[in-house]
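One file, structure_30.cif, carrying mmCIF, C-alpha atoms:
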```cif
data_protein
loop_
_atom_site.label_atom_id
_atom_site.label_comp_id
_atom_site.auth_asym_id
_atom_site.auth_seq_id
_atom_site.Cartn_x
_atom_site.Cartn_y
_atom_site.Cartn_z
CA MET A 249 26.92 -135.92 151.52
CA VAL A 250 24.13 -133.94 153.20
CA ASP A 251 25.19 -130.63 154.72
CA TYR A 252 23.29 -129.80 157.91
CA VAL A 253 24.96 -126.42 158.52
CA ASN A 254 23.79 -123.50 156.40
CA LEU A 255 24.41 -120.14 158.02
CA GLU A 256 22.70 -118.45 155.07
CA TYR A 257 19.43 -120.27 155.66
CA LYS A 258 16.43 -118.10 156.56
CA PRO A 259 13.82 -119.97 158.62
CA THR A 260 10.29 -120.05 157.20
CA LYS A 261 6.92 -119.98 158.94
CA LYS A 262 6.77 -123.75 158.51
CA ASP A 263 9.95 -124.41 160.51
CA LEU A 264 10.16 -125.62 164.07
CA ILE A 265 13.24 -123.94 165.54
CA VAL A 266 15.30 -125.19 168.47
CA MET A 267 17.97 -123.31 170.41
CA TYR A 268 20.60 -125.49 172.10
CA TYR A 269 23.57 -124.91 174.36
CA VAL A 270 26.33 -127.27 173.17
CA GLU A 271 29.63 -128.40 174.65
CA LYS A 272 31.54 -130.65 172.28
CA ALA A 273 33.64 -133.61 173.40
CA PRO A 274 37.43 -133.60 172.78
CA GLU A 275 37.07 -135.98 169.82
CA CYS A 276 34.69 -133.54 168.09
CA LYS A 277 36.62 -131.18 165.79
CA ASP A 278 34.59 -128.02 166.35
CA LEU A 279 31.12 -126.68 167.11
CA GLU A 280 30.16 -126.91 163.44
CA GLN A 281 30.80 -130.65 163.46
CA ALA A 282 28.72 -130.94 166.65
CA CYS A 283 25.89 -129.14 164.86
CA GLU A 284 26.11 -131.59 161.96
CA GLU A 285 25.82 -134.54 164.33
CA ILE A 286 22.94 -133.07 166.34
CA ALA A 287 20.95 -132.08 163.25
CA LYS A 288 21.28 -135.37 161.42
CA GLU A 289 20.70 -137.59 164.48
CA SER A 290 17.54 -135.67 165.37
CA SER A 291 16.13 -135.95 161.84
CA ILE A 292 16.95 -137.98 158.73
CA GLY A 293 20.62 -138.91 159.15
CA THR A 294 22.76 -141.49 160.88
CA TRP A 295 26.46 -142.19 161.53
CA THR A 296 27.24 -143.26 157.96
CA GLU A 297 26.03 -142.56 154.43
CA ILE A 298 23.05 -144.69 153.42
CA ALA A 299 21.68 -145.52 149.98
CA ALA A 300 18.05 -145.03 151.06
CA LEU A 301 18.63 -141.33 151.79
CA SER A 302 17.77 -139.87 148.41
CA GLU A 303 18.42 -136.34 147.24
CA ASP A 304 14.67 -135.74 147.29
CA ILE A 305 14.37 -136.72 150.96
CA ALA A 306 17.37 -134.63 151.90
CA GLU A 307 16.08 -131.61 150.01
CA ARG A 308 12.62 -131.80 151.60
CA LEU A 309 13.42 -132.81 155.15
CA LYS A 310 16.97 -132.01 156.16
CA PRO A 311 17.21 -129.47 159.03
CA SER A 312 19.56 -126.51 158.82
CA THR A 313 21.79 -125.14 161.53
CA PHE A 314 21.50 -121.45 160.69
CA TYR A 315 23.03 -119.84 163.78
CA ILE A 316 26.27 -120.64 165.62
CA ASP A 317 27.59 -118.54 168.50
CA SER A 318 30.92 -120.19 169.30
CA LYS A 319 31.68 -117.77 172.12
CA ASN A 320 28.56 -118.75 174.08
CA ASN A 321 28.20 -122.30 172.68
CA LEU A 322 24.73 -121.52 171.34
CA ILE A 323 23.20 -122.89 168.15
CA LYS A 324 19.83 -122.72 166.41
CA ILE A 325 18.49 -125.43 164.14
CA ALA A 326 15.45 -125.10 161.86
CA TYR A 327 13.44 -128.28 161.24
CA SER A 328 10.72 -128.65 158.62
CA GLU A 329 7.34 -129.22 160.29
CA ASP A 330 6.99 -132.23 157.97
CA LEU A 331 9.48 -134.09 160.17
CA PHE A 332 6.91 -134.23 162.96
CA GLU A 333 3.53 -135.75 163.68
CA ALA A 334 2.05 -132.40 164.65
CA GLY A 335 -0.34 -133.51 167.39
CA ASN A 336 2.07 -136.03 168.92
CA MET A 337 4.25 -134.28 171.51
CA PRO A 338 6.13 -137.48 172.50
CA GLN A 339 7.23 -137.92 168.87
CA ILE A 340 8.36 -134.31 168.60
CA LEU A 341 10.42 -134.63 171.77
CA SER A 342 11.86 -137.97 170.65
CA ALA A 343 13.37 -136.06 167.76
CA ILE A 344 14.57 -132.76 169.25
CA ALA A 345 15.28 -134.06 172.76
CA GLY A 346 15.97 -137.74 172.17
CA ASN A 347 19.07 -139.69 171.12
CA ILE A 348 21.09 -136.51 170.72
CA TYR A 349 21.69 -136.38 174.48
CA GLY A 350 23.63 -139.64 174.35
CA MET A 351 26.03 -138.84 171.53
CA LYS A 352 29.76 -139.28 172.22
CA VAL A 353 30.68 -136.13 170.29
CA LEU A 354 28.94 -134.05 172.99
CA ASN A 355 29.92 -133.47 176.61
CA ASN A 356 26.82 -131.41 177.37
CA LEU A 357 23.64 -130.47 175.56
CA ARG A 358 20.85 -128.25 176.84
CA LEU A 359 17.61 -127.57 175.00
CA ILE A 360 17.03 -123.90 175.77
CA ASP A 361 13.85 -123.19 173.80
CA VAL A 362 11.62 -124.37 170.96
CA SER A 363 9.63 -122.15 168.62
CA PHE A 364 6.59 -123.92 167.20
CA PRO A 365 5.04 -123.03 163.82
CA GLN A 366 1.30 -122.47 163.54
CA GLY A 367 0.95 -125.70 161.58
CA ILE A 368 1.88 -127.62 164.73
CA LEU A 369 0.23 -125.33 167.29
CA LYS A 370 -3.17 -125.68 165.59
CA GLU A 371 -3.23 -129.36 166.53
CA TYR A 372 -3.40 -128.49 170.24
CA ASN A 373 -6.20 -126.94 172.27
CA GLY A 374 -4.00 -125.21 174.81
CA PRO A 375 -5.51 -124.29 178.21
CA GLN A 376 -9.28 -124.60 178.41
CA PHE A 377 -9.65 -121.83 181.00
CA GLY A 378 -6.39 -119.94 181.20
CA ILE A 379 -5.87 -116.89 183.36
CA SER A 380 -9.14 -115.10 182.62
CA GLY A 381 -11.24 -118.25 183.05
CA ILE A 382 -9.67 -119.06 186.42
CA LYS A 383 -10.09 -115.52 187.72
CA LYS A 384 -13.70 -115.46 186.53
CA LEU A 385 -14.47 -118.70 188.38
CA LEU A 386 -12.93 -117.36 191.57
CA GLY A 387 -14.24 -113.80 191.19
CA ILE A 388 -10.72 -112.41 191.71
CA ASN A 389 -9.39 -109.57 189.57
CA ASN A 390 -7.06 -107.21 191.42
CA ARG A 391 -4.94 -109.47 193.59
CA PRO A 392 -3.04 -112.75 193.42
CA ILE A 393 -4.90 -115.99 194.04
CA LEU A 394 -3.86 -117.31 197.44
CA GLY A 395 -3.48 -120.93 198.39
CA THR A 396 -1.85 -123.54 200.53
CA ILE A 397 -0.76 -127.15 200.42
CA VAL A 398 -1.87 -129.40 203.25
CA LYS A 399 1.01 -130.15 205.60
CA PRO A 400 2.33 -132.60 206.57
CA LYS A 401 2.30 -133.59 202.92
CA VAL A 402 1.51 -137.16 203.89
CA GLY A 403 0.40 -138.66 207.18
CA LEU A 404 -3.00 -137.12 207.87
CA ASN A 405 -6.11 -139.23 207.44
CA GLU A 406 -9.05 -138.08 205.35
CA ILE A 407 -10.91 -136.32 208.17
CA GLN A 408 -7.81 -134.53 209.41
CA HIS A 409 -6.93 -133.46 205.88
CA ALA A 410 -10.39 -131.99 205.27
CA ALA A 411 -10.28 -130.15 208.60
CA VAL A 412 -6.97 -128.47 207.71
CA CYS A 413 -8.43 -127.41 204.35
CA LYS A 414 -11.43 -125.83 206.03
CA GLN A 415 -9.22 -123.85 208.42
CA ALA A 416 -7.26 -122.45 205.48
CA TRP A 417 -10.41 -121.49 203.60
CA MET A 418 -11.99 -119.91 206.66
CA GLY A 419 -8.82 -117.90 207.19
CA GLY A 420 -9.23 -116.32 203.76
CA LEU A 421 -7.30 -118.50 201.31
CA ASP A 422 -8.87 -119.27 197.95
CA ILE A 423 -7.44 -122.68 197.18
CA VAL A 424 -6.03 -125.73 198.91
CA LYS A 425 -4.22 -128.44 196.98
CA ASP A 426 -2.81 -131.87 197.61
CA ASP A 427 0.94 -132.25 197.67
CA GLU A 428 2.69 -133.97 194.77
CA ASN A 429 3.17 -137.30 196.53
CA LEU A 430 -0.30 -137.59 198.06
CA THR A 431 -2.55 -139.76 195.91
CA SER A 432 -4.45 -142.67 197.44
CA MET A 433 -2.71 -144.08 200.50
CA THR A 434 -3.50 -146.77 203.04
CA PHE A 435 -4.07 -144.05 205.65
CA ASN A 436 -5.70 -141.53 203.29
CA ASN A 437 -7.95 -142.97 200.59
CA PHE A 438 -8.45 -140.75 197.55
CA GLU A 439 -12.21 -141.11 197.25
CA LYS A 440 -12.84 -140.59 200.96
CA ARG A 441 -10.47 -137.63 201.10
CA VAL A 442 -12.13 -135.91 198.15
CA THR A 443 -15.59 -136.55 199.59
CA GLU A 444 -14.71 -135.17 203.01
CA THR A 445 -12.74 -132.21 201.67
CA LEU A 446 -15.37 -131.08 199.18
CA ARG A 447 -17.95 -131.31 201.97
CA GLU A 448 -15.82 -128.95 204.04
CA ARG A 449 -15.33 -126.72 201.01
CA ASP A 450 -19.09 -126.33 200.71
CA LYS A 451 -19.33 -125.38 204.38
CA ALA A 452 -16.55 -122.81 203.98
CA GLU A 453 -18.25 -121.26 200.95
CA ARG A 454 -21.53 -120.93 202.82
CA ALA A 455 -19.80 -119.44 205.86
CA THR A 456 -17.64 -116.93 203.97
CA GLY A 457 -19.71 -116.17 200.89
CA GLU A 458 -16.54 -116.69 198.84
CA LYS A 459 -15.59 -119.20 196.17
CA LYS A 460 -13.25 -121.89 197.49
CA ILE A 461 -11.25 -124.42 195.49
CA TYR A 462 -9.83 -127.86 196.27
CA MET A 463 -7.22 -129.36 193.93
CA PRO A 464 -7.02 -133.14 194.43
CA ASN A 465 -3.99 -134.91 192.98
CA ILE A 466 -5.27 -137.52 190.52
CA THR A 467 -1.79 -138.66 189.41
CA ALA A 468 -1.76 -142.40 188.65
CA LYS A 469 -2.07 -144.72 185.64
CA LEU A 470 -4.09 -143.04 182.90
CA SER A 471 -7.14 -145.26 183.39
CA ILE A 472 -7.17 -144.51 187.11
CA MET A 473 -6.65 -140.79 186.50
CA LYS A 474 -9.79 -140.77 184.36
CA GLU A 475 -11.75 -142.56 187.08
CA ARG A 476 -10.51 -140.11 189.70
CA ALA A 477 -11.33 -137.12 187.51
CA ASP A 478 -14.84 -138.48 187.05
CA PHE A 479 -15.21 -138.91 190.80
CA VAL A 480 -14.12 -135.32 191.50
CA HIS A 481 -16.39 -133.98 188.77
CA ASP A 482 -19.43 -135.89 190.01
CA LEU A 483 -18.95 -134.43 193.50
CA GLY A 484 -18.84 -130.89 192.17
CA GLY A 485 -15.08 -130.36 192.05
CA GLU A 486 -13.84 -127.88 189.44
CA TYR A 487 -10.12 -128.71 189.55
CA VAL A 488 -7.72 -131.61 189.30
CA MET A 489 -3.97 -131.64 189.87
CA LEU A 490 -1.41 -133.58 187.82
CA ASP A 491 2.27 -134.36 188.35
CA ILE A 492 2.97 -133.52 184.74
CA LEU A 493 6.43 -135.02 184.24
CA THR A 494 6.05 -138.22 186.19
CA ILE A 495 2.87 -139.19 184.31
CA GLY A 496 4.51 -138.52 180.92
CA PHE A 497 3.62 -136.47 177.86
CA SER A 498 1.34 -139.06 176.26
CA ALA A 499 -0.85 -139.41 179.36
CA LEU A 500 -0.79 -135.64 179.78
CA GLN A 501 -2.16 -135.07 176.29
CA GLU A 502 -4.88 -137.67 176.72
CA ILE A 503 -6.08 -136.53 180.14
CA ARG A 504 -6.25 -132.95 178.84
CA GLU A 505 -8.49 -134.11 175.98
CA TYR A 506 -10.55 -136.27 178.34
CA LEU A 507 -11.28 -133.33 180.63
CA GLU A 508 -12.45 -131.03 177.81
CA ASP A 509 -16.15 -131.86 178.14
CA LYS A 510 -16.01 -131.92 181.92
CA LYS A 511 -14.94 -128.27 182.04
CA MET A 512 -12.34 -128.94 184.72
CA ILE A 513 -9.30 -126.75 185.38
CA ILE A 514 -5.90 -128.48 185.37
CA HIS A 515 -3.28 -127.54 187.95
CA ALA A 516 0.17 -128.69 186.79
CA HIS A 517 2.78 -129.62 189.39
CA ARG A 518 6.32 -129.83 188.03
CA ALA A 519 7.69 -132.55 190.34
CA MET A 520 10.91 -134.03 188.86
CA HIS A 521 11.59 -131.00 186.64
CA ALA A 522 14.95 -130.24 188.30
CA ALA A 523 16.29 -133.61 187.14
CA LEU A 524 16.03 -132.07 183.66
CA THR A 525 16.40 -128.34 184.30
CA ARG A 526 18.82 -127.69 187.13
CA ASN A 527 22.13 -128.36 185.35
CA LYS A 528 22.65 -125.15 183.36
CA LYS A 529 24.81 -126.97 180.80
CA HIS A 530 22.68 -130.04 180.15
CA GLY A 531 19.07 -131.17 179.93
CA ILE A 532 16.19 -128.84 179.15
CA THR A 533 15.14 -125.48 180.55
CA MET A 534 12.06 -124.83 182.64
CA LEU A 535 11.12 -122.24 180.04
CA ALA A 536 10.96 -124.91 177.34
CA LEU A 537 8.98 -127.28 179.57
CA ALA A 538 6.56 -124.49 180.46
CA LYS A 539 6.00 -123.78 176.78
CA LEU A 540 5.14 -127.45 176.21
CA MET A 541 2.64 -127.29 179.06
CA ARG A 542 0.87 -124.29 177.56
CA ILE A 543 0.64 -126.06 174.21
CA ILE A 544 -0.71 -129.29 175.70
CA GLY A 545 -3.20 -127.30 177.78
CA MET A 546 -2.27 -126.85 181.43
CA ASP A 547 -4.35 -124.03 182.95
CA GLN A 548 -1.84 -123.24 185.68
CA LEU A 549 1.75 -124.31 186.24
CA HIS A 550 4.43 -124.11 188.93
CA THR A 551 7.19 -121.92 187.47
CA GLY A 552 9.30 -120.84 190.45
CA THR A 553 9.39 -118.26 193.21
CA VAL A 554 12.75 -116.43 192.80
CA ILE A 555 12.74 -116.37 196.61
CA GLY A 556 11.90 -119.22 198.98
CA LYS A 557 13.46 -122.68 199.05
CA MET A 558 13.49 -123.64 195.36
CA GLU A 559 16.31 -122.98 192.89
CA GLY A 560 15.65 -120.59 190.00
CA SER A 561 17.06 -117.17 189.14
CA LYS A 562 14.94 -114.05 188.91
CA GLN A 563 15.34 -113.67 185.16
CA GLU A 564 14.72 -117.37 184.58
CA VAL A 565 11.39 -117.26 186.40
CA ILE A 566 10.31 -113.98 184.80
CA ASP A 567 11.15 -115.27 181.30
CA THR A 568 9.25 -118.49 181.97
CA ASN A 569 6.22 -116.61 183.24
CA ASN A 570 6.30 -114.30 180.22
CA VAL A 571 6.41 -117.13 177.73
CA ILE A 572 3.26 -118.76 179.12
CA THR A 573 1.27 -115.56 179.69
CA GLN A 574 1.99 -113.36 176.68
CA SER A 575 0.34 -113.70 173.26
CA TYR A 576 3.62 -112.99 171.47
CA VAL A 577 7.22 -113.39 172.66
CA LYS A 578 9.86 -111.42 170.80
CA GLY A 579 12.79 -113.67 171.70
CA ASN A 580 16.53 -112.99 171.81
CA ASP A 581 19.79 -114.70 170.86
CA LYS A 582 20.59 -116.25 174.24
CA THR A 583 17.58 -117.33 176.30
CA MET A 584 14.42 -117.59 174.20
CA LEU A 585 13.04 -117.75 170.69
CA GLU A 586 10.30 -115.76 169.02
CA GLN A 587 6.87 -117.32 169.52
CA ASP A 588 3.48 -116.28 168.19
CA TRP A 589 0.90 -118.12 170.29
CA GLY A 590 -2.02 -117.57 167.94
CA ASP A 591 -5.28 -118.39 169.69
CA LEU A 592 -3.81 -120.46 172.53
CA LYS A 593 -4.87 -119.09 175.90
CA PRO A 594 -2.26 -118.15 178.50
CA THR A 595 -1.31 -120.38 181.43
CA LEU A 596 -1.45 -118.98 184.97
CA PRO A 597 1.95 -119.12 186.75
CA VAL A 598 2.16 -120.54 190.27
CA ALA A 599 4.80 -119.61 192.86
CA SER A 600 5.25 -122.19 195.59
CA GLY A 601 8.04 -123.47 197.81
CA GLY A 602 9.32 -122.10 201.11
CA LEU A 603 7.11 -119.01 201.15
CA SER A 604 5.80 -117.17 204.20
CA PRO A 605 3.67 -114.01 204.59
CA LEU A 606 6.90 -112.02 204.88
CA HIS A 607 7.70 -112.83 201.22
CA VAL A 608 4.52 -111.25 199.87
CA PRO A 609 5.92 -107.76 199.11
CA GLN A 610 8.83 -109.24 197.14
CA LEU A 611 6.60 -111.73 195.35
CA ILE A 612 4.25 -109.04 194.13
CA GLU A 613 7.08 -106.69 193.21
CA ILE A 614 8.89 -109.33 191.16
CA LEU A 615 6.05 -111.45 189.78
CA GLY A 616 2.99 -109.20 189.82
CA THR A 617 -0.59 -110.12 190.67
CA ASP A 618 -1.60 -112.44 187.79
CA MET A 619 -0.25 -115.29 189.88
CA VAL A 620 -1.11 -118.04 192.31
CA PHE A 621 0.93 -117.72 195.51
CA GLN A 622 0.98 -120.90 197.59
CA PHE A 623 2.18 -121.14 201.18
CA GLY A 624 2.68 -124.57 202.75
CA GLY A 625 4.74 -124.34 205.91
CA GLY A 626 4.30 -120.57 205.69
CA CYS A 627 0.62 -121.09 206.47
CA HIS A 628 0.50 -124.16 208.70
CA GLY A 629 3.69 -123.20 210.55
CA HIS A 630 2.10 -120.06 211.98
CA PRO A 631 2.44 -120.03 215.80
CA ASP A 632 -1.34 -120.09 216.15
CA GLY A 633 -2.09 -122.66 213.48
CA THR A 634 -3.52 -122.87 209.97
CA PHE A 635 -6.45 -120.47 210.39
CA SER A 636 -4.19 -117.70 211.69
CA GLY A 637 -1.55 -118.51 209.07
CA ALA A 638 -4.13 -118.03 206.32
CA LYS A 639 -5.25 -114.74 207.84
CA ALA A 640 -1.65 -113.53 208.05
CA ILE A 641 -1.13 -114.28 204.34
CA HIS A 642 -4.26 -112.38 203.41
CA GLN A 643 -3.23 -109.47 205.61
CA ALA A 644 0.21 -109.35 204.01
CA VAL A 645 -1.40 -109.08 200.58
CA GLU A 646 -3.81 -106.37 201.76
CA ALA A 647 -0.91 -104.36 203.20
CA THR A 648 1.24 -104.71 200.09
CA LEU A 649 -1.50 -103.76 197.64
CA ASN A 650 -2.27 -100.71 199.80
CA HIS A 651 1.42 -99.74 199.91
CA ILE A 652 1.67 -100.23 203.67
CA GLU A 653 4.73 -101.76 205.31
CA LEU A 654 4.03 -105.18 206.82
CA SER A 655 5.41 -104.05 210.18
CA GLU A 656 3.03 -101.09 210.24
CA TYR A 657 0.01 -103.17 209.18
CA ALA A 658 0.88 -105.72 211.84
CA ASP A 659 0.24 -103.15 214.59
CA ASN A 660 -3.50 -103.74 214.10
CA HIS A 661 -3.42 -107.29 212.73
CA ILE A 662 -2.30 -109.80 215.32
CA GLU A 663 -1.98 -112.75 212.90
CA LEU A 664 0.48 -110.87 210.71
CA LYS A 665 2.32 -109.63 213.78
CA ARG A 666 2.76 -113.18 215.07
CA ALA A 667 3.99 -114.31 211.63
CA ILE A 668 6.58 -111.56 211.57
CA GLU A 669 7.74 -112.50 215.05
CA LYS A 670 8.30 -116.09 213.93
CA TRP A 671 9.79 -115.74 210.44
CA SER A 672 11.81 -112.54 210.77
CA LYS A 673 14.25 -114.19 213.18
#
```
Could you render the structure as structure tokens?
Amino acid sequence: MVDYVNLEYKPTKKDLIVMYYVEKAPECKDLEQACEEIAKESSIGTWTEIAALSEDIAERLKPSTFYIDSKNNLIKIAYSEDLFEAGNMPQILSAIAGNIYGMKVLNNLRLIDVSFPQGILKEYNGPQFGISGIKKLLGINNRPILGTIVKPKVGLNEIQHAAVCKQAWMGGLDIVKDDENLTSMTFNNFEKRVTETLRERDKAERATGEKKIYMPNITAKLSIMKERADFVHDLGGEYVMLDILTIGFSALQEIREYLEDKKMIIHAHRAMHAALTRNKKHGITMLALAKLMRIIGMDQLHTGTVIGKMEGSKQEVIDTNNVITQSYVKGNDKTMLEQDWGDLKPTLPVASGGLSPLHVPQLIEILGTDMVFQFGGGCHGHPDGTFSGAKAIHQAVEATLNHIELSEYADNHIELKRAIEKWSK
């Protein structure tokens, strides 16, 4: 009988390590038995002994549960990298986040983190631009990148959409992106929208002397995503946006490779993530998903706001941001594993969801300035419209970076004053 629990085992540099939160079912004897079932189901074993499982296979490929914290229901399992097709993220996830979720011996299972060995990481390009490349393109160094999402998220036609984008750019914002459910609609055709919006982008750049960015959502079937990326590229667009979970890991890997020669930045929207991440006892953490996105090669990624309308604790968001921006993560016994990123570039975190200019001081205090801050309703909901909303956001950043209270700065900045009057109620 193969033993999948070995608390004396010392992981090697060739091991892929997974940390899980585990709640056993009543019919499961103890956490050690749960570990046995998880380890064998995710690797070489099954529910009964089989003749084809030789001692040689077991010796070479069996994973080892080397850490069990019964008090906190935490375990760590080390898997040989030989169990995985290194460059195939769907296959890796089918093992460590596959059938194990449906096992009767478990009531809940949450994949907290994965530590990847260099033998697997080397098969991925990671982000093409990363934080430094994005800031270089935009010419921004000492402040957050500021953006908005066109609102209403659907309903505007192509001309109306482009006009809203121009107002935001003229008001001082750097980027405007499509919302996650705007692709190519009967009332807003993708090709026409991109054409009109990039035309307005060019006008805004000439008028302001500043670099402006449009992020069109190319989410669709893979073949159509490639066509849409080509269209954006040919019109001079530097960015595309993807709904990373709804398109799937296979398509995500391929579109990242396809865009390599086009030198296009990828903005990753995490729509649907909470279906996997929100239950703190089951599913997969945002931290683990974010790590996968850095490996596959997303240049920037929605990670949470701490404040605003989206769920996510302060420490959760900070840990997630750290794991995609640092070159080495030390790890701990409860929330994350050690990770040496090697040569993979960092991914730029994005905060978006229910933000207004009044949130800027907190955002910068908590998350810093190597960030994208996006304001949807907090821009377009300004009493005087999108242009004034964009100006108020910029003014809030100027005040915060100069250590001036927003209320004081608003005395000489009418747009910020009007924003405070609306959102401080």
Which is closest to Lys288 (chain A) among A:Ile344, A:Ile265, A:Ala536, A:Val608, if we use only C-alpha atoms?
A:Ile344
Translate the PyMOL selection byres ((chain A and resi 392) around 6), as applied to the file shown, into an explicit residue set as number ranges by chain.
A: 391, 393, 617-620
Evaluate the PyMOL selection byres ((chain A and resi 398-403) around 6) and report residues as a PyMOL selection string:
chain A and resi 397+404+427
For C-alpha atoms, I'd like the residues from the last selection saved as a compact mmCIF listing (two decimals), in the coordinates of the input.
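File part.txt, as written:
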```
# COMPACT_ATOMS: atom_id res chain seq x y z
CA ILE A 397 -0.76 -127.15 200.42
CA LEU A 404 -3.00 -137.12 207.87
CA ASP A 427 0.94 -132.25 197.67
```
For the PyMOL selection byres ((chain A and resi 479) around 12), applied here, can you spell out every residue it catches as a PyMOL selection string?
chain A and resi 438-443+446+464+466+472-478+480-488+510
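Candidate residues A:His521, A:Lys324, A:His642, A:His630 were compared for distance to Leu264 (chain A), and the nearest is A:Lys324, using only C-alpha atoms.
The list of residues with at least one atom within 8 Å of region 276-286 of chain A, based on all atoms listed in the file and without residues fewer than 4 positions apart in the same chain, reads Asp251, Tyr252, Val253, Val270, Glu271, Lys272, Ser290, Thr313, Ile316, Ser318, Asn321, Ile323, Ile348, Val353 and Leu354 of chain A.
Distances from A:Thr634, A:Gln587, A:Asn660, A:Gln408 to Glu444 (chain A) were compared using only C-alpha atoms, and the smallest one belongs to A:Gln408.
Taking CA of Lys511 (chain A) and CA of Asp547 (chain A) as the two end points, the separation is 11.4 Å.
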Spatial neighbours of Pro338 (chain A), max dist 8 Å, all atoms listed in the file, sep filter under 3 positions, as a PDB file with C-alpha atoms, in the frame of the given file:
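Contents of around35.pdb, freshly written:
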```pdb
ATOM      1  CA  LEU A 341      10.420-134.630 171.770  1.00  0.00           C
ATOM      2  CA  SER A 342      11.860-137.970 170.650  1.00  0.00           C
ATOM      3  CA  PHE A 497       3.620-136.470 177.860  1.00  0.00           C
ATOM      4  CA  SER A 498       1.340-139.060 176.260  1.00  0.00           C
TER       5      SER A 498
END
```
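When only C-alpha atoms are used to measure the gap to Ile566 (chain A), the shortest distance among A:Val598, A:Ile407, A:Ala640, A:Ile379 belongs to A:Val598.
The shortest atom-to-atom distance to Glu663 (chain A), with only C-alpha atoms taken into account, belongs to A:Ala644 out of A:Leu537, A:Ala644, A:Leu369, A:Met418.
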Near Ile325 (chain A), counting all atoms listed in the file, which residues have an atom at most 8 Å away, once you skip same-chain residues fewer than 5 positions from it, shown as a ChimeraX atom specification?
/A:265-267,287,311-315
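Between CA of Thr595 (chain A) and CA of Ile544 (chain A) the interatomic distance comes to 10.6 Å.
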Selection near Gln501 (chain A), 9 Å with only C-alpha atoms, sequence-local residues under 5 positions removed, as a VMD selection string
chain A and resid 336 to 337 496 506 544 to 545
Determine, counting all atoms listed in the file, which protein, DNA and RNA residues have an atom within 10 Å of an atom of Lys529 (chain A); residues of the same chain fewer than 5 positions away are not included. Present the result as a PDB file with C-alpha atoms, keeping the file's coordinate frame.
```pdb
ATOM      1  CA  TYR A 268      20.600-125.490 172.100  1.00  0.00           C
ATOM      2  CA  TYR A 269      23.570-124.910 174.360  1.00  0.00           C
ATOM      3  CA  VAL A 270      26.330-127.270 173.170  1.00  0.00           C
ATOM      4  CA  GLU A 271      29.630-128.400 174.650  1.00  0.00           C
ATOM      5  CA  ASN A 321      28.200-122.300 172.680  1.00  0.00           C
ATOM      6  CA  ASN A 355      29.920-133.470 176.610  1.00  0.00           C
ATOM      7  CA  ASN A 356      26.820-131.410 177.370  1.00  0.00           C
ATOM      8  CA  LEU A 357      23.640-130.470 175.560  1.00  0.00           C
ATOM      9  CA  ARG A 358      20.850-128.250 176.840  1.00  0.00           C
ATOM     10  CA  LEU A 359      17.610-127.570 175.000  1.00  0.00           C
ATOM     11  CA  ILE A 360      17.030-123.900 175.770  1.00  0.00           C
TER      12      ILE A 360
END
```
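Take CA of Ile641 (chain A) and CA of Thr396 (chain A): the distance between them is 10.0 Å.
Among the candidates A:Ala523, A:Ala516, A:Ile532, A:Leu255, the one nearest to Gln548 (chain A) when counting all atoms listed in the file is A:Ala516.
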Residues within 8 Å of (2.7, -109.4, 197.4), file coordinates, counting only C-alpha atoms: what are they? Give the list as a PyMOL selection string.
chain A and resi 392+607-613+616-617+644-645+648-649
Your completed region 662-671 of chain A with N, CA and C atoms, as a short mmCIF file (atom, residue, chain, number, x, y, z; two decimals), in the frame of the given file:
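Contents of out-v2.cif, freshly written:
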```cif
data_model
loop_
_atom_site.label_atom_id
_atom_site.label_comp_id
_atom_site.auth_asym_id
_atom_site.auth_seq_id
_atom_site.Cartn_x
_atom_site.Cartn_y
_atom_site.Cartn_z
N ILE A 662 -3.08 -108.94 214.43
CA ILE A 662 -2.30 -109.80 215.32
C ILE A 662 -1.73 -111.01 214.59
N GLU A 663 -2.48 -111.56 213.61
CA GLU A 663 -1.98 -112.75 212.90
C GLU A 663 -0.71 -112.42 212.12
N LEU A 664 -0.71 -111.28 211.45
CA LEU A 664 0.48 -110.87 210.71
C LEU A 664 1.63 -110.56 211.68
N LYS A 665 1.29 -109.95 212.78
CA LYS A 665 2.32 -109.63 213.78
C LYS A 665 2.98 -110.89 214.28
N ARG A 666 2.20 -111.92 214.57
CA ARG A 666 2.76 -113.18 215.07
C ARG A 666 3.61 -113.87 213.99
N ALA A 667 3.21 -113.74 212.71
CA ALA A 667 3.99 -114.31 211.63
C ALA A 667 5.35 -113.62 211.51
N ILE A 668 5.34 -112.30 211.65
CA ILE A 668 6.58 -111.56 211.57
C ILE A 668 7.51 -111.94 212.71
N GLU A 669 6.93 -112.10 213.89
CA GLU A 669 7.74 -112.50 215.05
C GLU A 669 8.41 -113.84 214.82
N LYS A 670 7.72 -114.76 214.14
CA LYS A 670 8.30 -116.09 213.93
C LYS A 670 9.32 -116.11 212.79
N TRP A 671 8.97 -115.53 211.64
CA TRP A 671 9.79 -115.74 210.44
C TRP A 671 10.80 -114.64 210.17
#
```
